[in-house]
$ cat query30.cif   # mmCIF, C-alpha atoms
data_query
loop_
_atom_site.label_atom_id
_atom_site.label_comp_id
_atom_site.auth_asym_id
_atom_site.auth_seq_id
_atom_site.Cartn_x
_atom_site.Cartn_y
_atom_site.Cartn_z
CA LYS A 53 0.00 0.00 0.00
CA GLN A 54 1.32 3.40 -0.98
CA GLU A 55 2.11 5.61 2.00
CA VAL A 56 3.15 9.25 1.88
CA THR A 57 4.92 11.21 4.59
CA GLN A 58 5.91 14.86 4.74
CA ILE A 59 8.61 16.55 6.76
CA PRO A 60 8.44 18.89 8.57
CA ALA A 61 4.86 18.85 9.83
CA ALA A 62 5.06 22.59 10.46
CA LEU A 63 7.51 25.32 9.58
CA SER A 64 7.75 28.99 10.53
CA VAL A 65 10.17 31.26 8.70
CA PRO A 66 10.79 35.00 8.32
CA GLU A 67 9.81 36.64 5.06
CA GLY A 68 12.42 36.40 2.31
CA GLU A 69 13.87 33.02 3.25
CA ASN A 70 14.26 30.21 0.76
CA LEU A 71 12.80 26.96 2.05
CA VAL A 72 12.41 23.29 1.20
CA LEU A 73 9.48 21.01 1.93
CA ASN A 74 9.97 17.26 1.74
CA CYS A 75 7.72 14.43 0.62
CA SER A 76 8.50 10.70 0.79
CA PHE A 77 6.53 7.77 -0.66
CA THR A 78 6.93 4.02 -0.24
CA ASP A 79 6.02 2.69 -3.70
CA SER A 80 8.40 4.15 -6.28
CA ALA A 81 6.46 2.75 -9.25
CA ILE A 82 4.69 6.05 -9.87
CA TYR A 83 4.26 7.99 -13.09
CA ASN A 84 3.72 11.42 -11.58
CA LEU A 85 3.56 13.40 -8.35
CA GLN A 86 1.54 16.47 -7.55
CA TRP A 87 1.93 19.28 -5.05
CA PHE A 88 -1.15 21.09 -3.69
CA ARG A 89 -1.71 24.15 -1.54
CA GLN A 90 -4.53 24.42 1.01
CA ASP A 91 -5.45 27.71 2.66
CA PRO A 92 -7.22 27.56 6.04
CA GLY A 93 -10.86 26.61 5.65
CA LYS A 94 -10.52 26.15 1.90
CA GLY A 95 -10.14 23.37 -0.64
CA LEU A 96 -6.92 22.25 -2.32
CA THR A 97 -5.34 24.03 -5.27
CA SER A 98 -2.91 22.27 -7.57
CA LEU A 99 0.53 23.89 -7.75
CA LEU A 100 2.69 21.55 -9.80
CA LEU A 101 2.26 18.17 -11.49
CA ILE A 102 5.57 16.40 -12.23
CA GLN A 103 5.65 13.53 -14.66
CA SER A 104 8.18 10.82 -13.80
CA SER A 105 10.04 11.54 -17.03
CA GLN A 106 10.42 15.23 -16.13
CA ARG A 107 12.07 14.92 -12.71
CA GLU A 108 11.55 18.67 -12.16
CA GLN A 109 8.85 21.31 -12.66
CA THR A 110 8.89 25.07 -12.09
CA SER A 111 6.19 27.68 -11.63
CA GLY A 112 7.27 31.17 -10.63
CA ARG A 113 9.04 30.97 -7.26
CA LEU A 114 8.16 27.29 -6.88
CA ASN A 115 10.33 24.41 -8.01
CA ALA A 116 9.47 20.77 -7.43
CA SER A 117 11.77 17.84 -8.03
CA LEU A 118 11.09 14.12 -8.15
CA ASP A 119 13.49 11.26 -7.47
CA LYS A 120 11.56 8.04 -7.99
CA SER A 121 14.44 5.75 -7.10
CA SER A 122 14.75 7.20 -3.62
CA GLY A 123 11.00 7.74 -3.18
CA ARG A 124 11.34 11.46 -2.58
CA SER A 125 10.15 14.81 -3.82
CA THR A 126 11.04 18.30 -2.68
CA LEU A 127 9.19 21.58 -3.09
CA TYR A 128 11.50 24.59 -3.09
CA ILE A 129 10.00 28.03 -2.41
CA ALA A 130 12.25 30.96 -3.19
CA ALA A 131 12.06 34.33 -1.45
CA SER A 132 9.09 33.36 0.72
CA GLN A 133 6.27 35.85 1.30
CA PRO A 134 3.50 36.05 3.93
CA GLY A 135 1.05 35.12 1.18
CA ASP A 136 2.78 31.75 0.91
CA SER A 137 1.43 30.81 4.36
CA ALA A 138 -0.69 27.70 3.87
CA THR A 139 -0.54 23.92 4.14
CA TYR A 140 1.31 22.16 1.33
CA LEU A 141 0.39 18.58 0.45
CA CYS A 142 2.01 16.16 -1.95
CA ALA A 143 0.09 13.36 -3.65
CA VAL A 144 1.15 10.27 -5.60
CA PRO A 145 -0.83 7.67 -7.55
CA SER A 146 -2.03 4.55 -5.78
CA ARG A 147 -2.12 1.10 -7.35
CA ASN A 148 -5.58 0.78 -5.80
CA TYR A 149 -8.79 2.73 -6.07
CA GLY A 150 -8.59 3.41 -9.77
CA GLN A 151 -5.05 4.77 -9.62
CA ASN A 152 -6.25 7.77 -7.66
CA PHE A 153 -4.05 9.97 -5.55
CA VAL A 154 -2.77 9.15 -2.08
CA PHE A 155 -2.15 12.34 -0.13
CA GLY A 156 0.50 13.16 2.43
CA PRO A 157 -0.52 14.78 5.74
CA GLY A 158 0.88 18.15 4.67
CA THR A 159 3.37 20.72 5.92
CA ARG A 160 1.87 23.80 7.56
CA LEU A 161 3.93 26.83 6.55
CA SER A 162 3.88 30.21 8.26
CA VAL A 163 5.86 33.06 6.71
CA LEU A 164 6.26 35.91 9.16
CA PRO A 165 6.43 39.53 7.95
CA ASN B 94 -16.71 29.36 -14.41
CA ALA B 95 -17.59 28.47 -10.82
CA GLY B 96 -15.39 25.34 -10.90
CA VAL B 97 -16.46 22.84 -8.25
CA THR B 98 -19.25 23.89 -5.90
CA GLN B 99 -20.44 22.12 -2.76
CA THR B 100 -23.50 22.53 -0.56
CA PRO B 101 -23.95 22.97 2.31
CA LYS B 102 -20.79 24.60 3.69
CA PHE B 103 -21.57 23.66 7.29
CA GLN B 104 -23.87 21.07 8.82
CA VAL B 105 -24.57 19.74 12.30
CA LEU B 106 -26.36 16.41 12.61
CA LYS B 107 -27.47 14.21 15.47
CA THR B 108 -26.42 10.58 15.53
CA GLY B 109 -28.72 8.53 13.29
CA GLN B 110 -29.85 11.40 11.09
CA SER B 111 -29.32 11.29 7.34
CA MET B 112 -28.19 13.89 4.87
CA THR B 113 -26.91 14.35 1.35
CA LEU B 114 -23.90 16.44 0.38
CA GLN B 115 -24.19 17.97 -3.06
CA CYS B 116 -21.38 18.59 -5.53
CA ALA B 117 -21.43 20.08 -9.02
CA GLN B 118 -18.73 20.98 -11.54
CA ASP B 119 -18.98 23.12 -14.66
CA MET B 120 -15.71 22.10 -16.33
CA ASN B 121 -17.18 19.22 -18.34
CA HIS B 122 -14.97 16.79 -16.42
CA ASN B 123 -15.56 13.07 -16.70
CA SER B 124 -14.31 12.04 -13.26
CA MET B 125 -15.46 13.11 -9.82
CA TYR B 126 -14.37 12.22 -6.28
CA TRP B 127 -15.40 12.48 -2.65
CA TYR B 128 -12.72 12.80 0.06
CA ARG B 129 -12.79 13.29 3.78
CA GLN B 130 -10.08 15.19 5.65
CA ASP B 131 -9.35 14.50 9.31
CA PRO B 132 -6.57 15.86 11.55
CA GLY B 133 -3.61 13.51 11.51
CA MET B 134 -5.18 11.29 8.82
CA GLY B 135 -4.89 13.53 5.80
CA LEU B 136 -7.21 13.25 2.83
CA ARG B 137 -8.82 9.87 2.20
CA LEU B 138 -10.85 8.82 -0.78
CA ILE B 139 -14.42 7.75 0.00
CA TYR B 140 -15.89 7.08 -3.45
CA TYR B 141 -15.11 8.07 -7.00
CA SER B 142 -16.82 8.12 -10.36
CA ALA B 143 -14.54 7.60 -13.34
CA SER B 144 -17.29 8.55 -15.77
CA GLU B 145 -20.99 9.27 -15.86
CA GLY B 146 -22.91 6.16 -14.87
CA THR B 147 -20.10 4.51 -12.89
CA THR B 148 -19.12 4.68 -9.22
CA ASP B 149 -16.48 2.80 -7.23
CA LYS B 150 -15.39 2.50 -3.63
CA GLY B 151 -12.33 4.25 -2.37
CA GLU B 152 -10.34 3.71 0.80
CA VAL B 153 -13.08 4.50 3.36
CA PRO B 154 -16.55 3.82 1.83
CA ASN B 155 -18.34 2.33 4.85
CA GLY B 156 -21.34 4.36 5.98
CA TYR B 157 -21.62 6.29 2.71
CA ASN B 158 -23.43 6.01 -0.59
CA VAL B 159 -22.99 8.05 -3.76
CA SER B 160 -24.95 8.94 -6.86
CA ARG B 161 -23.55 10.26 -10.13
CA LEU B 162 -26.71 12.06 -11.13
CA ASN B 163 -25.33 13.28 -14.47
CA LYS B 164 -21.98 14.44 -15.79
CA ARG B 165 -22.07 17.59 -13.64
CA GLU B 166 -23.32 16.30 -10.30
CA PHE B 167 -22.01 13.78 -7.78
CA SER B 168 -23.74 13.47 -4.40
CA LEU B 169 -22.64 11.79 -1.16
CA ARG B 170 -25.23 10.42 1.24
CA LEU B 171 -24.91 9.53 4.90
CA GLU B 172 -27.82 7.22 5.71
CA SER B 173 -27.34 7.08 9.48
CA ALA B 174 -24.74 9.55 10.67
CA ALA B 175 -22.24 8.57 13.36
CA PRO B 176 -19.84 10.74 15.38
CA SER B 177 -16.95 9.06 13.52
CA GLN B 178 -18.20 10.78 10.37
CA THR B 179 -17.44 14.21 11.80
CA SER B 180 -15.02 15.57 9.23
CA VAL B 181 -14.47 18.00 6.39
CA TYR B 182 -15.71 16.59 3.09
CA PHE B 183 -14.24 17.64 -0.24
CA CYS B 184 -15.53 16.98 -3.71
CA ALA B 185 -13.10 17.08 -6.65
CA SER B 186 -13.18 16.57 -10.40
CA SER B 187 -10.72 15.88 -13.19
CA GLY B 188 -10.77 15.49 -16.93
CA THR B 189 -9.55 11.92 -16.89
CA SER B 190 -9.81 9.25 -14.24
CA GLY B 191 -7.23 8.62 -11.58
CA SER B 192 -4.04 10.54 -11.04
CA ALA B 193 -3.05 11.20 -14.64
CA ASP B 194 -4.68 14.61 -14.52
CA THR B 195 -4.94 17.52 -12.11
CA GLN B 196 -7.85 17.34 -9.70
CA TYR B 197 -9.88 20.48 -8.94
CA PHE B 198 -11.35 20.75 -5.47
CA GLY B 199 -14.46 22.36 -4.05
CA PRO B 200 -14.40 24.50 -0.88
CA GLY B 201 -15.52 21.69 1.42
CA THR B 202 -18.41 20.86 3.75
CA ARG B 203 -17.71 20.91 7.47
CA LEU B 204 -19.86 18.24 9.11
CA THR B 205 -20.29 17.69 12.83
CA VAL B 206 -22.20 14.68 14.12
CA LEU B 207 -23.25 14.91 17.76
#

$ encode --input "query30.cif" --output "structure tokens"
Amino acid sequence: KQEVTQIPAALSVPEGENLVLNCSFTDSAIYNLQWFRQDPGKGLTSLLLIQSSQREQTSGRLNASLDKSSGRSTLYIAASQPGDSATYLCAVPSRNYGQNFVFGPGTRLSVLP
Amino acid sequence: NAGVTQTPKFQVLKTGQSMTLQCAQDMNHNSMYWYRQDPGMGLRLIYYSASEGTTDKGEVPNGYNVSRLNKREFSLRLESAAPSQTSVYFCASSGTSGSADTQYFGPGTRLTVL
């Protein structure tokens, strides 16, 4: 069964810092990985979808990498801003349930002004 | 486009009561999903519908039923609510089934069962 963990569970940084969020998964036979953002009391918003062939995907100040062999992905946020404060979740395909996503528990990020 | 909409936003039930959570999407997506989100447990898939006319169980289907009313609408029903069903429920949709495509989420329904 695919399991996803995220480290750290929570992170608080001053504005302007570069930071890295980590995601690990147990079944490396995946064909993509997705990072989501969730604001308090809201639904999830997709940030980046990385295909296994790409290994890396960038969107603005966000960069996500994927290393299938080690079962890891990282989300790099450059020059963090208070507006980046949210919970960040990674998700990978499951062999069960119609190949739907299995979600990690998330990292709660606070960027202090 | 409204994207994915859910009603109601909040609901309080007593144990044993029933209710239906409504979900609709206006993106002409084929696939729709129901998740629940609990502290420390993350998001878990309850049911999904890969296409109009089909539904399948996810990881935690017990105590729930679903109906794919048409391509736009996918409802979740609790027949006899239990305190263990206190959670935040999210509906999502995607163009293709499974994880090959981005999923778009609704704002959630916060359900408390007393």

$ interface_residues --input "query30.cif" --of "chain A" --to "chain B" --cutoff "12 Å" --atoms "only C-alpha atoms" --output "PyMOL selection string"
chain A and resi 53-58+61+82-104+139-159

$ resolve_selection --input "query30.cif" --expression "the PyMOL selection byres ((chain A and resi 121-124) around 7)" --output "short mmCIF file (atom, residue, chain, number, x, y, z; two decimals) with C-alpha atoms, in the coordinates of the input"
data_model
loop_
_atom_site.label_atom_id
_atom_site.label_comp_id
_atom_site.auth_asym_id
_atom_site.auth_seq_id
_atom_site.Cartn_x
_atom_site.Cartn_y
_atom_site.Cartn_z
CA CYS A 75 7.72 14.43 0.62
CA SER A 76 8.50 10.70 0.79
CA PHE A 77 6.53 7.77 -0.66
CA THR A 78 6.93 4.02 -0.24
CA SER A 80 8.40 4.15 -6.28
CA LEU A 118 11.09 14.12 -8.15
CA ASP A 119 13.49 11.26 -7.47
CA LYS A 120 11.56 8.04 -7.99
CA SER A 125 10.15 14.81 -3.82
CA THR A 126 11.04 18.30 -2.68
#

$ resolve_selection --input "query30.cif" --expression "the PyMOL selection byres ((chain B and resi 94) around 9)" --output "JSON list (two decimals) with C-alpha atoms, keeping the file's coordinate frame"
[["chain", "number", "residue", "atom", "x", "y", "z"],
["B", 95, "ALA", "CA", -17.59, 28.47, -10.82],
["B", 96, "GLY", "CA", -15.39, 25.34, -10.90],
["B", 97, "VAL", "CA", -16.46, 22.84, -8.25],
["B", 119, "ASP", "CA", -18.98, 23.12, -14.66],
["B", 120, "MET", "CA", -15.71, 22.10, -16.33]]

$ atom_distance --input "query30.cif" --atom1 "atom CA of A:Leu63" --atom2 "atom CA of A:Glu108"
23.1 Å

$ residues_around --input "query30.cif" --residues "B:Lys164" --least-positions-apart "5" --cutoff "9 Å" --atoms "only C-alpha atoms" --output "list in words"
Ala117, Gln118, Asn121, His122, Asn123, Ser124, Met125, Ser144, Glu145 and Gly146 of chain B

$ residues_near_point --input "query30.cif" --point "(10.4, 24.4, 0.1)" --cutoff "10 Å" --atoms "all atoms listed in the file" --output "PDB file with C-alpha atoms, keeping the file's coordinate frame"
ATOM      1  CA  LEU A  63       7.510  25.320   9.580  1.00  0.00           C
ATOM      2  CA  GLU A  69      13.870  33.020   3.250  1.00  0.00           C
ATOM      3  CA  ASN A  70      14.260  30.210   0.760  1.00  0.00           C
ATOM      4  CA  LEU A  71      12.800  26.960   2.050  1.00  0.00           C
ATOM      5  CA  VAL A  72      12.410  23.290   1.200  1.00  0.00           C
ATOM      6  CA  LEU A  73       9.480  21.010   1.930  1.00  0.00           C
ATOM      7  CA  ASN A  74       9.970  17.260   1.740  1.00  0.00           C
ATOM      8  CA  ARG A 113       9.040  30.970  -7.260  1.00  0.00           C
ATOM      9  CA  LEU A 114       8.160  27.290  -6.880  1.00  0.00           C
ATOM     10  CA  ASN A 115      10.330  24.410  -8.010  1.00  0.00           C
ATOM     11  CA  ALA A 116       9.470  20.770  -7.430  1.00  0.00           C
ATOM     12  CA  THR A 126      11.040  18.300  -2.680  1.00  0.00           C
ATOM     13  CA  LEU A 127       9.190  21.580  -3.090  1.00  0.00           C
ATOM     14  CA  TYR A 128      11.500  24.590  -3.090  1.00  0.00           C
ATOM     15  CA  ILE A 129      10.000  28.030  -2.410  1.00  0.00           C
ATOM     16  CA  ALA A 130      12.250  30.960  -3.190  1.00  0.00           C
ATOM     17  CA  SER A 132       9.090  33.360   0.720  1.00  0.00           C
ATOM     18  CA  TYR A 140       1.310  22.160   1.330  1.00  0.00           C
ATOM     19  CA  THR A 159       3.370  20.720   5.920  1.00  0.00           C
ATOM     20  CA  LEU A 161       3.930  26.830   6.550  1.00  0.00           C
TER      21      LEU A 161
END

$ atom_distance --input "query30.cif" --atom1 "atom CA of B:Ser180" --atom2 "atom CA of B:Thr113"
14.3 Å
